[in-house]
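As stored in coords_20.csv (CSV, C-alpha atoms):
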```
chain,number,residue,atom,x,y,z
A,1262,MET,CA,-99.6,-24.6,-93.1
A,1263,ILE,CA,-100.6,-26.2,-89.8
A,1264,PRO,CA,-102.9,-24.0,-87.7
A,1265,SER,CA,-101.8,-23.5,-84.2
A,1266,ALA,CA,-103.9,-23.8,-81.0
A,1267,ARG,CA,-102.8,-20.3,-79.9
A,1268,PRO,CA,-103.4,-17.2,-81.9
A,1269,GLU,CA,-100.2,-15.6,-83.1
A,1270,GLN,CA,-99.2,-12.7,-81.1
A,1271,LYS,CA,-96.3,-10.4,-81.9
A,1272,PHE,CA,-93.9,-11.0,-79.1
A,1273,ARG,CA,-91.9,-8.0,-78.0
A,1274,ARG,CA,-89.0,-8.8,-75.8
A,1275,LYS,CA,-88.4,-6.5,-72.9
A,1276,ILE,CA,-84.7,-6.0,-72.3
A,1277,ARG,CA,-83.7,-5.8,-68.7
A,1278,TYR,CA,-80.1,-5.5,-67.9
A,1279,ILE,CA,-80.7,-6.0,-64.2
A,1280,ASN,CA,-83.5,-7.7,-62.4
A,1281,PRO,CA,-85.9,-5.0,-61.1
A,1282,ARG,CA,-86.1,-6.6,-57.7
A,1283,PHE,CA,-82.4,-6.4,-57.4
A,1284,GLN,CA,-81.9,-2.8,-58.4
A,1285,GLY,CA,-83.0,-0.9,-55.3
A,1286,GLY,CA,-81.1,-2.8,-52.7
A,1287,ALA,CA,-78.0,-3.1,-54.8
A,1288,ALA,CA,-78.0,0.6,-55.7
A,1289,LEU,CA,-78.4,1.6,-52.1
A,1290,GLY,CA,-75.7,-0.8,-51.0
A,1291,ILE,CA,-73.2,0.4,-53.6
A,1292,SER,CA,-74.1,4.1,-52.9
A,1293,ALA,CA,-73.4,3.6,-49.2
A,1294,MET,CA,-70.1,1.9,-49.9
A,1295,VAL,CA,-69.0,4.6,-52.3
A,1296,VAL,CA,-70.0,7.4,-49.8
A,1297,ALA,CA,-68.3,5.6,-46.9
A,1298,GLY,CA,-65.2,4.8,-48.9
A,1299,GLY,CA,-65.0,8.3,-50.4
A,1300,GLY,CA,-65.5,9.9,-47.0
A,1301,LEU,CA,-62.7,7.8,-45.4
A,1302,PHE,CA,-60.4,8.4,-48.4
A,1303,GLY,CA,-61.1,12.1,-48.4
A,1304,THR,CA,-60.6,12.5,-44.6
A,1305,LEU,CA,-57.3,10.6,-44.7
A,1306,VAL,CA,-56.0,12.5,-47.8
A,1307,TYR,CA,-57.0,15.8,-46.3
A,1308,ARG,CA,-55.2,15.1,-43.1
A,1309,ASP,CA,-52.0,13.9,-44.7
A,1310,LEU,CA,-52.0,16.6,-47.4
A,1311,GLY,CA,-52.5,19.2,-44.7
A,1312,ASN,CA,-49.5,17.9,-42.8
A,1313,ALA,CA,-47.4,17.9,-46.0
A,1314,LEU,CA,-48.4,21.5,-46.8
A,1315,ARG,CA,-47.7,22.6,-43.2
A,1316,GLU,CA,-44.3,20.9,-43.4
A,1317,ALA,CA,-43.5,22.6,-46.7
A,1318,ALA,CA,-44.5,26.0,-45.2
A,1319,MET,CA,-42.0,25.3,-42.3
A,1320,ARG,CA,-39.2,24.7,-44.7
A,1321,ALA,CA,-40.1,27.3,-47.2
A,1322,HIS,CA,-36.5,28.3,-47.8
A,1323,PHE,CA,-35.9,25.0,-49.6
A,1324,VAL,CA,-36.7,25.2,-53.3
A,1325,MET,CA,-39.5,23.1,-54.6
A,1326,GLU,CA,-39.8,22.6,-58.3
A,1327,THR,CA,-43.5,21.7,-58.4
A,1328,PRO,CA,-46.4,21.6,-55.9
A,1329,TYR,CA,-46.6,17.9,-56.7
A,1330,GLU,CA,-43.3,17.3,-54.8
A,1331,ILE,CA,-45.0,18.5,-51.6
A,1332,VAL,CA,-47.9,16.0,-51.7
A,1333,ARG,CA,-46.4,13.2,-53.8
A,1334,ASP,CA,-45.6,10.7,-51.1
A,1335,ALA,CA,-48.9,11.1,-49.2
A,1336,LEU,CA,-51.0,11.0,-52.3
A,1337,LEU,CA,-49.2,8.0,-53.8
A,1338,TRP,CA,-49.6,6.0,-50.6
A,1339,HIS,CA,-53.3,6.8,-50.3
A,1340,LEU,CA,-54.0,6.0,-54.0
A,1341,ALA,CA,-52.2,2.7,-53.7
A,1342,GLY,CA,-54.2,1.9,-50.5
A,1343,LEU,CA,-57.4,2.8,-52.3
A,1344,SER,CA,-56.6,0.6,-55.2
A,1345,VAL,CA,-55.7,-2.4,-53.1
A,1346,THR,CA,-58.8,-2.0,-50.9
A,1347,VAL,CA,-61.1,-1.8,-53.9
A,1348,SER,CA,-59.4,-4.8,-55.5
A,1349,CYS,CA,-59.7,-6.9,-52.3
A,1350,LEU,CA,-63.4,-5.9,-51.8
A,1351,THR,CA,-64.2,-6.8,-55.4
A,1352,VAL,CA,-62.6,-10.2,-55.0
A,1353,ILE,CA,-64.5,-10.8,-51.7
A,1354,VAL,CA,-67.8,-9.8,-53.2
A,1355,PHE,CA,-67.1,-12.0,-56.3
A,1356,LEU,CA,-66.3,-15.0,-54.1
A,1357,LEU,CA,-69.4,-14.5,-52.0
A,1358,LEU,CA,-71.6,-14.4,-55.1
A,1359,LEU,CA,-69.8,-17.5,-56.5
A,1360,LYS,CA,-70.5,-19.3,-53.2
A,1361,ALA,CA,-74.2,-18.4,-53.4
A,1362,VAL,CA,-74.4,-19.5,-57.1
A,1363,ARG,CA,-72.7,-22.8,-56.2
A,1364,ILE,CA,-75.1,-23.4,-53.3
A,1365,GLY,CA,-78.1,-22.7,-55.5
A,1366,VAL,CA,-76.9,-24.8,-58.5
A,1367,GLY,CA,-75.9,-27.6,-56.1
A,1368,HIS,CA,-79.4,-27.8,-54.7
A,1369,ALA,CA,-81.0,-27.6,-58.1
A,1370,ILE,CA,-78.7,-30.5,-59.4
A,1371,ALA,CA,-79.6,-32.5,-56.3
A,1372,ALA,CA,-83.3,-32.0,-57.1
A,1373,PHE,CA,-82.8,-33.1,-60.7
A,1374,ARG,CA,-80.8,-36.2,-59.7
A,1375,ALA,CA,-83.5,-37.1,-57.2
A,1376,SER,CA,-86.1,-36.7,-60.0
A,1377,GLU,CA,-84.0,-38.9,-62.2
A,1378,GLY,CA,-84.0,-41.5,-59.5
A,1379,GLY,CA,-87.8,-41.4,-59.3
A,1380,ASP,CA,-88.2,-39.2,-56.3
A,1381,LEU,CA,-90.7,-36.6,-57.3
A,1382,SER,CA,-92.0,-35.8,-53.9
A,1383,THR,CA,-89.0,-34.4,-52.1
A,1384,PRO,CA,-88.9,-30.6,-52.4
A,1385,ALA,CA,-85.9,-29.0,-54.2
A,1386,GLY,CA,-85.0,-26.7,-51.3
A,1387,THR,CA,-82.7,-24.5,-53.3
A,1388,ARG,CA,-81.0,-21.8,-51.4
A,1389,GLY,CA,-78.7,-19.0,-52.3
A,1390,LEU,CA,-79.8,-16.1,-54.6
A,1391,LYS,CA,-83.4,-15.2,-54.9
A,1392,GLU,CA,-83.5,-16.4,-58.5
A,1393,PHE,CA,-82.4,-19.9,-57.4
A,1394,ARG,CA,-85.1,-20.1,-54.8
A,1395,ARG,CA,-87.7,-19.1,-57.4
A,1396,PHE,CA,-86.2,-21.7,-59.8
A,1397,GLY,CA,-86.5,-24.3,-57.0
A,1398,GLU,CA,-90.1,-23.4,-56.6
A,1399,LEU,CA,-90.7,-23.9,-60.3
A,1400,VAL,CA,-89.0,-27.2,-60.2
A,1401,ASP,CA,-91.1,-28.2,-57.2
A,1402,LEU,CA,-94.3,-27.2,-59.1
A,1403,THR,CA,-93.2,-29.2,-62.2
A,1404,ARG,CA,-92.4,-32.2,-60.1
A,1405,ALA,CA,-95.7,-32.0,-58.3
A,1406,SER,CA,-97.5,-31.8,-61.6
A,1407,ALA,CA,-95.6,-34.8,-62.9
A,1408,LEU,CA,-96.3,-36.7,-59.7
A,1409,SER,CA,-100.0,-36.0,-60.0
A,1410,ARG,CA,-100.1,-37.2,-63.6
A,1411,VAL,CA,-98.2,-40.4,-62.7
A,1412,ALA,CA,-100.7,-41.0,-59.8
A,1413,ALA,CA,-103.6,-40.5,-62.3
A,1414,LEU,CA,-102.0,-42.9,-64.7
A,1415,ARG,CA,-101.5,-45.5,-62.0
A,1416,GLU,CA,-105.1,-45.3,-61.0
A,1417,GLU,CA,-106.2,-45.6,-64.6
A,1418,ALA,CA,-103.9,-48.6,-65.1
A,1419,ALA,CA,-105.3,-50.2,-61.9
A,1420,SER,CA,-108.9,-49.6,-63.0
A,1421,LEU,CA,-108.1,-51.0,-66.4
A,1422,ALA,CA,-106.5,-54.2,-64.9
A,1423,ALA,CA,-109.5,-54.6,-62.5
A,1424,CYS,CA,-112.3,-54.3,-65.1
A,1425,GLY,CA,-113.2,-57.3,-67.2
A,1426,LEU,CA,-113.6,-55.6,-70.6
A,1427,PRO,CA,-113.8,-57.5,-73.9
A,1428,ALA,CA,-110.5,-57.7,-75.8
A,1429,GLU,CA,-111.4,-54.9,-78.4
A,1430,ALA,CA,-112.5,-52.4,-75.7
A,1431,PHE,CA,-109.5,-53.3,-73.5
A,1432,ARG,CA,-107.1,-52.8,-76.4
A,1433,ARG,CA,-108.5,-49.3,-77.2
A,1434,ARG,CA,-108.3,-48.2,-73.5
A,1435,TRP,CA,-104.8,-49.7,-73.3
A,1436,ASP,CA,-103.6,-47.8,-76.4
A,1437,GLU,CA,-105.1,-44.6,-74.9
A,1438,LEU,CA,-103.3,-45.3,-71.7
A,1439,LYS,CA,-100.0,-45.9,-73.5
A,1440,ARG,CA,-100.5,-42.6,-75.4
A,1441,LYS,CA,-101.0,-40.8,-72.0
A,1442,ILE,CA,-97.9,-42.5,-70.6
A,1443,ARG,CA,-95.8,-41.3,-73.6
A,1444,GLU,CA,-96.9,-37.7,-72.9
A,1445,VAL,CA,-95.5,-38.0,-69.4
A,1446,ALA,CA,-92.4,-40.0,-70.2
A,1447,PRO,CA,-91.5,-39.9,-74.0
```
For the file at hand, write its structure as structure tokens.
Amino acid sequence: MIPSARPEQKFRRKIRYINPRFQGGAALGISAMVVAGGGLFGTLVYRDLGNALREAAMRAHFVMETPYEIVRDALLWHLAGLSVTVSCLTVIVFLLLLKAVRIGVGHAIAAFRASEGGDLSTPAGTRGLKEFRRFGELVDLTRASALSRVAALREEAASLAACGLPAEAFRRRWDELKRKIREVAP
């Protein structure tokens, strides 16, 4: 058994279904939309059902089989309108989220392609959702760390080339430098 550098700790995974930073604003936004939509729907249904009941009272001498016949038309139109509105708003919100994800992923991919081309100094500049901005910051920190390690390796290579060491000492330092290079770029 190989001993590890870190002591073993029992890792307990915390399950979070929604990001805690996202919960408050989203819950308030959804609540506001539900209250506003419910209020609008209730007001319109109340108005139209009142008109339908008033009309039924005026023609009370006509026989109605069920109370549903009185309010059927108004209720069906309002429920159809509510369904269409909710569906359209859901599609719009989905498309807006999709656009934000595409923007964030696009900037992250551009940062990775720049890194692949050797550009480690240009910031990722990811936009979109908060998670993509945090991811971009992590990418920037990783690239800065890699850039500082590459700069240190260049300085060490320049100092190794400039010093006039005997062949055996030069070979040992050269092997150590190659090992460090493999740590950065395997």
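Residues with any atom within 8 Å of stretch 1296-1313 of chain A, counting only C-alpha atoms and excluding same-chain neighbours fewer than 6 positions away, are A:Ile1331, A:Val1332, A:Ala1335, A:Leu1336, A:His1339, A:Leu1343.
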Please provide as a PDB file with C-alpha atoms, keeping the file's coordinate frame all residues within 8 Å of stretch 1416-1421 of chain A, with the sequence filter that same-chain residues fewer than 3 positions apart are discarded (counting all atoms listed in the file).
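After the write, selection-v2.pdb holds the following:
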```pdb
ATOM      1  CA  ALA A1412    -100.700 -41.000 -59.800  1.00  0.00           C
ATOM      2  CA  ALA A1413    -103.600 -40.500 -62.300  1.00  0.00           C
ATOM      3  CA  CYS A1424    -112.300 -54.300 -65.100  1.00  0.00           C
ATOM      4  CA  PHE A1431    -109.500 -53.300 -73.500  1.00  0.00           C
ATOM      5  CA  ARG A1434    -108.300 -48.200 -73.500  1.00  0.00           C
ATOM      6  CA  TRP A1435    -104.800 -49.700 -73.300  1.00  0.00           C
ATOM      7  CA  LEU A1438    -103.300 -45.300 -71.700  1.00  0.00           C
TER       8      LEU A1438
END
```
### Summary
Counting all atoms listed in the file, closest pick from A:Ile1364, A:Val1347, A:Ala1369, A:Leu1359 relative to A:Arg1395 is A:Ala1369
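Comparing the minimum interatomic distances between A:Pro1328 and each of A:Leu1414, A:Ala1430, A:Val1354, A:Leu1314, counting all atoms listed in the file, we find that A:Leu1314 sits nearest.
For the pair atom CA of A:Ser1376 and atom CA of A:Asp1436, the interatomic distance is 26.4 Å.
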### Query
For the atom pair atom CA of A:Ala1372 and atom CA of A:Ile1353, what is the interatomic distance in Å to one decimal place?
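Separating atom CA of A:Ala1372 from atom CA of A:Ile1353 is a distance of 28.8 Å.
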### Two-atom distance - atom CA of A:Leu1358, atom CA of A:Thr1387 (Å)
15.1 Å
### Summary
From the list A:Gly1290, A:Gly1425, A:Gly1379, A:Gly1386, the nearest residue to A:Ala1407 using only C-alpha atoms is A:Gly1379
### Top pick for closest residue to A:Thr1346, considering A:Gly1378, A:Glu1316, A:Phe1373, A:Met1294 and counting all atoms listed in the file
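Smallest distance to A:Thr1346 is found for A:Met1294.
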### Query
Which residue, A:Leu1408, A:Ile1442, A:Val1366, A:Ala1423, has the smallest gap to A:Thr1383 when you use only C-alpha atoms?
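When distances to A:Thr1383 are compared using only C-alpha atoms, the smallest one comes from A:Leu1408.
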